[in-house]
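Q: My structure is below; once you've seen it, I'll send some questions.
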Amino acid sequence: MNPPSNEHISRPPEGARAMPKWPRWLRRGPMEMLACIVITLGIVMMLQPFAMALYTWSFVTTLAGTVMFIVVSKFPQ
């Protein structure tokens, strides 16, 4: 008696389409890093004492980075 083969494990089922790979720059790692940089930039803008315009936009920048991080955390590895 022959041992069972594992051929069915390595192939997708009939009719199933393979998911296309995401571009490397759209994967979770690089995009999470970009979101962290945006959050950090917003905090630095909030704490600097030189330009009122930077302080004015700091909350929006921090919020945009936070929303970006939440969305990007759903991306594939």
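Here's how to read the names in the structure tokens: chain A, B, ... by the order shown, residue numbers from 1 in each chain, ligand numbers from 1 in the order shown.
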May I have the residues within 12 Å of A:Thr61 as a ChimeraX atom specification, using only C-alpha atoms and disregarding those fewer than 5 positions away in the same chain?
A: /A:35-46,54-56,66-68
Q: So the first atom is atom CA of A:Leu63 and the second is atom CA of A:Gln48; what is the distance between them in Å, to one decimal place?
A: 17.5 Å
Q: Write out as a PDB file with C-alpha atoms, in the first residue's frame the residues lying within 9 Å of A:Arg27, counting only C-alpha atoms and excluding same-chain residues fewer than 5 positions away.
A:
```pdb
ATOM      1  CA  TRP A  22       1.016  43.659  -3.476  1.00  0.00           C
ATOM      2  CA  GLU A  32       3.562  51.338   9.125  1.00  0.00           C
ATOM      3  CA  VAL A  72      -2.276  50.135   7.160  1.00  0.00           C
ATOM      4  CA  PHE A  75      -2.593  45.384   4.892  1.00  0.00           C
ATOM      5  CA  PRO A  76      -0.932  42.027   4.139  1.00  0.00           C
ATOM      6  CA  GLN A  77       2.544  41.306   5.426  1.00  0.00           C
TER       7      GLN A  77
END
```
Q: Quick one: distance from atom CA of A:Phe69 to atom CA of A:Leu34 in Å, one decimal?
A: 8.5 Å
Q: So how many Å separate atom CA of A:Trp25 and atom CA of A:Gly65, to one decimal?
A: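 These atoms are spaced 16.8 Å apart.
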